[in-house]
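Participant: Sharing a structure with you now.
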Amino acid sequence: MNIILLSPNDHWLDDQSVLLIDERAVHICEVLKSNVGDRLRVGMRDGLQGYGVVKSIQAGSAHLTVDLHDPPPPRHRFDLILALPRPKMLRRIFRAVAEFGVNDLYLINSARVEKSYWQSPLLKPDQIDHALIAGMERSRDTIAPRVHLCPRFRTFVEDQLTQICAGRPCWIADMDAPVALSECLPTPAVVMIGPEGGFVPFEIDLAKKIIAQPAHLGQRVLSVDTALTTVLAQALPGSNAY
């Protein structure tokens with residue numbers, strides 16, 4: 001954890017004092033090996049971040065006084081539309097979009113998406129949130145991406161895509177495109193990424209008819225999770241520290 005995420009539902013003793021009695025307390029005690037008086041980076045879910053001072057600590061609990069005054073890091077300039085990947089990739093993808101600070105991730109259907117993928121327990125709200133928290137803790141963010149499940153491709157493209165773009169460019173990943181995404185201006189945009197093997201021609205044509213413009217990610221065939229990080233690396237909101 002590079003930040004301890006707090007919630008209004010935590011055990012608050014007063015406006016600036018919280019008692020943690022879960023895995024966060026274990027992390028503070030056993031991983032960070034914190035002592036009374038140590039300052040830790042903390043943040044409120046969907047709010048400000050700052051520092052927490054350890055007032056008392058013992059196995060299984062940590063009492064912090066917190067001072068929240070810093071805004072969360074800037075958001076990414078791209079929103080993502082992603083054909084639902086294999087379930088084994090979902091945790092990595094949720095963590096990645098949280099680390100990059102994506103505002104909205106739309107998981108959509110595609111001809112190459114198996115129907116069984118939509119039954120994955122990893123798509124349950126609590127499982128999604130758990131994976132997002134892991135990415136937020138790693139990247140010191142307090143704002144979780146919004147994840148939208150859209151199981152009908154045509155309905156999504158025809159009825160929602162233009163509204164989602166809201167005047168922003170919409171790029172659809174296509175190996176046959178004449179222009180590379182890296183050559184496009186890194187302005188706020190919506191980017192569509194297909195499944196393994198890419199979108200089928202009908203899907204590309206329909207998206208282009210509505211609003212999308214094709215752009216390629218290079219000459220290599222990429223896995224979905226590699227394609228996602230490749231896209232997000234095109235338009236970072238600021239310099240990253242590794």
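Ligands are numbered from 1 in the order shown, residues from 1 within each chain, and chains are lettered A, B, ... in the order they appear in the structure tokens.
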From a backbone DSSP assignment, name each residue in region 24-147 of chain A labelled helix (DSSP H, G or I), as a PDB file with C-alpha atoms, in the first residue's frame.
Facilitator:
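For reference, states_16.pdb as written:
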ATOM      1  CA  ARG A  24      -5.099  -1.990   6.861  1.00  0.00           C
ATOM      2  CA  ALA A  25      -4.138  -2.131  10.527  1.00  0.00           C
ATOM      3  CA  VAL A  26      -2.253  -5.374   9.907  1.00  0.00           C
ATOM      4  CA  HIS A  27      -0.410  -3.704   7.016  1.00  0.00           C
ATOM      5  CA  ILE A  28       0.505  -0.689   9.163  1.00  0.00           C
ATOM      6  CA  CYS A  29       1.759  -2.927  11.949  1.00  0.00           C
ATOM      7  CA  GLU A  30       3.410  -5.846  10.155  1.00  0.00           C
ATOM      8  CA  VAL A  31       4.430  -4.506   6.742  1.00  0.00           C
ATOM      9  CA  PRO A  87     -11.990 -13.657 -16.662  1.00  0.00           C
ATOM     10  CA  LYS A  88      -8.392 -14.440 -15.682  1.00  0.00           C
ATOM     11  CA  MET A  89      -7.416 -10.972 -16.984  1.00  0.00           C
ATOM     12  CA  LEU A  90     -10.084  -9.015 -15.155  1.00  0.00           C
ATOM     13  CA  ARG A  91      -8.233  -8.321 -11.901  1.00  0.00           C
ATOM     14  CA  ARG A  92      -5.149  -7.073 -13.781  1.00  0.00           C
ATOM     15  CA  ILE A  93      -7.297  -4.847 -15.983  1.00  0.00           C
ATOM     16  CA  PHE A  94      -9.235  -3.331 -13.076  1.00  0.00           C
ATOM     17  CA  ARG A  95      -5.996  -2.651 -11.221  1.00  0.00           C
ATOM     18  CA  ALA A  96      -4.447  -1.080 -14.321  1.00  0.00           C
ATOM     19  CA  VAL A  97      -7.309   1.344 -15.008  1.00  0.00           C
ATOM     20  CA  ALA A  98      -7.239   2.361 -11.336  1.00  0.00           C
ATOM     21  CA  GLU A  99      -3.468   2.905 -11.423  1.00  0.00           C
ATOM     22  CA  PHE A 100      -3.744   5.074 -14.539  1.00  0.00           C
ATOM     23  CA  LYS A 115     -21.088 -15.686 -23.388  1.00  0.00           C
ATOM     24  CA  SER A 116     -19.772 -17.508 -20.326  1.00  0.00           C
ATOM     25  CA  TYR A 117     -17.418 -14.594 -19.579  1.00  0.00           C
ATOM     26  CA  TRP A 118     -20.401 -12.496 -18.462  1.00  0.00           C
ATOM     27  CA  GLN A 119     -21.135 -15.020 -15.694  1.00  0.00           C
ATOM     28  CA  PRO A 121     -17.964 -13.851 -10.274  1.00  0.00           C
ATOM     29  CA  LEU A 122     -15.159 -11.312 -10.829  1.00  0.00           C
ATOM     30  CA  LEU A 123     -17.797  -9.011 -12.347  1.00  0.00           C
ATOM     31  CA  PRO A 125     -19.526  -5.242  -7.574  1.00  0.00           C
ATOM     32  CA  ASP A 126     -17.552  -6.282  -4.497  1.00  0.00           C
ATOM     33  CA  GLN A 127     -14.959  -8.146  -6.587  1.00  0.00           C
ATOM     34  CA  ILE A 128     -14.581  -5.195  -8.964  1.00  0.00           C
ATOM     35  CA  ASP A 129     -14.175  -2.800  -6.046  1.00  0.00           C
ATOM     36  CA  HIS A 130     -11.562  -5.021  -4.392  1.00  0.00           C
ATOM     37  CA  ALA A 131      -9.439  -5.010  -7.551  1.00  0.00           C
ATOM     38  CA  LEU A 132      -9.863  -1.257  -8.039  1.00  0.00           C
ATOM     39  CA  ILE A 133      -8.775  -0.592  -4.461  1.00  0.00           C
ATOM     40  CA  ALA A 134      -5.558  -2.541  -5.081  1.00  0.00           C
ATOM     41  CA  GLY A 135      -4.767  -0.244  -8.022  1.00  0.00           C
ATOM     42  CA  MET A 136      -5.678   2.896  -6.095  1.00  0.00           C
ATOM     43  CA  GLU A 137      -3.494   1.884  -3.152  1.00  0.00           C
ATOM     44  CA  ARG A 138      -0.589   1.295  -5.508  1.00  0.00           C
ATOM     45  CA  SER A 139      -0.938   4.624  -7.325  1.00  0.00           C
TER      46      SER A 139
END
Participant: I'd like a table as JSON lines: residues in region 136-231 of chain A with an atom no more than 12 Å from region 50-65 of chain A, each row giving the shortest atom pair and its distance in Å to one decimal, only C-alpha atoms counted, sorted by chain and rising residue number.
Facilitator:
{"residue": "A:Arg140", "atom": "CA", "partner": "A:Gly50", "partner_atom": "CA", "distance": 10.4}
{"residue": "A:Asp141", "atom": "CA", "partner": "A:Gly50", "partner_atom": "CA", "distance": 11.1}
{"residue": "A:Thr142", "atom": "CA", "partner": "A:Gly50", "partner_atom": "CA", "distance": 10.7}
Participant: With region 181-200 of chain A as the partner and 8 Å as the cut-off, tabulate the residues of region 74-146 of chain A that qualify, each row holding the nearest pair of atoms and their distance in Å to one decimal, using only C-alpha atoms, sorted by chain and rising number, as CSV.
Facilitator:
residue,atom,partner,partner_atom,distance
A:Arg77,CA,A:Pro188,CA,4.5
A:Phe78,CA,A:Ala189,CA,5.0
A:Asp79,CA,A:Val190,CA,4.8
A:Leu80,CA,A:Val191,CA,5.1
A:Ile81,CA,A:Met192,CA,4.5
A:Leu82,CA,A:Ile193,CA,4.9
A:Ala83,CA,A:Gly194,CA,5.0
A:Leu84,CA,A:Pro195,CA,6.8
A:Pro85,CA,A:Pro195,CA,6.1
A:Ser110,CA,A:Phe199,CA,6.9
A:Ala111,CA,A:Val200,CA,6.9
A:Arg112,CA,A:Pro195,CA,6.5
A:Val113,CA,A:Pro195,CA,6.7
Participant: For CA of Gln163 (chain A) and CA of Ala180 (chain A), determine how far apart the two atoms are, in Å to one decimal place.
Facilitator: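 So the answer is 24.8 Å.
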Participant: Run DSSP on the backbone of this structure and report the residues of region 64-232 of chain A it assigns to strand (DSSP E or B), as a VMD selection string.
Facilitator: chain A and resid 64 to 70 78 to 83 104 to 108 146 to 150 170 to 173 180 189 to 193 213 to 216
Participant: Would you save the residues of that selection, restricted to C-alpha atoms, as a PDB file, in the first residue's frame?
Facilitator:
ATOM      1  CA  LEU A  64      -4.725   7.454  13.485  1.00  0.00           C
ATOM      2  CA  THR A  65      -5.377  11.171  13.570  1.00  0.00           C
ATOM      3  CA  VAL A  66      -5.746  12.406  10.017  1.00  0.00           C
ATOM      4  CA  ASP A  67      -5.266  15.691   8.168  1.00  0.00           C
ATOM      5  CA  LEU A  68      -6.690  15.649   4.637  1.00  0.00           C
ATOM      6  CA  HIS A  69      -5.787  18.647   2.476  1.00  0.00           C
ATOM      7  CA  ASP A  70      -4.359  17.453  -0.865  1.00  0.00           C
ATOM      8  CA  PHE A  78      -8.875   8.659 -22.013  1.00  0.00           C
ATOM      9  CA  ASP A  79     -12.034   6.785 -21.126  1.00  0.00           C
ATOM     10  CA  LEU A  80     -11.999   3.160 -22.248  1.00  0.00           C
ATOM     11  CA  ILE A  81     -14.442   0.876 -23.997  1.00  0.00           C
ATOM     12  CA  LEU A  82     -13.138  -2.675 -23.751  1.00  0.00           C
ATOM     13  CA  ALA A  83     -14.547  -5.906 -25.116  1.00  0.00           C
ATOM     14  CA  ASP A 104     -14.867   5.348 -16.918  1.00  0.00           C
ATOM     15  CA  LEU A 105     -14.362   1.794 -18.165  1.00  0.00           C
ATOM     16  CA  TYR A 106     -17.117   0.284 -20.290  1.00  0.00           C
ATOM     17  CA  LEU A 107     -16.993  -3.506 -20.673  1.00  0.00           C
ATOM     18  CA  ILE A 108     -18.915  -4.452 -23.798  1.00  0.00           C
ATOM     19  CA  ARG A 146     -16.521   3.748 -12.732  1.00  0.00           C
ATOM     20  CA  VAL A 147     -17.033   0.330 -14.334  1.00  0.00           C
ATOM     21  CA  HIS A 148     -20.044  -0.145 -16.608  1.00  0.00           C
ATOM     22  CA  LEU A 149     -21.217  -3.556 -17.860  1.00  0.00           C
ATOM     23  CA  CYS A 150     -22.789  -3.353 -21.332  1.00  0.00           C
ATOM     24  CA  CYS A 170     -13.543   8.236 -30.405  1.00  0.00           C
ATOM     25  CA  TRP A 171     -10.734   5.923 -31.562  1.00  0.00           C
ATOM     26  CA  ILE A 172     -11.235   2.232 -32.272  1.00  0.00           C
ATOM     27  CA  ALA A 173      -8.195  -0.053 -32.296  1.00  0.00           C
ATOM     28  CA  ALA A 180      -1.283   5.104 -35.285  1.00  0.00           C
ATOM     29  CA  ALA A 189     -10.842  10.952 -25.976  1.00  0.00           C
ATOM     30  CA  VAL A 190     -12.661   7.632 -25.822  1.00  0.00           C
ATOM     31  CA  VAL A 191     -10.741   4.575 -27.022  1.00  0.00           C
ATOM     32  CA  MET A 192     -12.316   1.246 -27.999  1.00  0.00           C
ATOM     33  CA  ILE A 193     -10.236  -1.933 -27.626  1.00  0.00           C
ATOM     34  CA  GLN A 213     -12.183   6.610 -36.133  1.00  0.00           C
ATOM     35  CA  PRO A 214      -9.764   3.690 -36.620  1.00  0.00           C
ATOM     36  CA  ALA A 215      -6.232   3.839 -35.218  1.00  0.00           C
ATOM     37  CA  HIS A 216      -3.647   1.091 -34.851  1.00  0.00           C
TER      38      HIS A 216
END
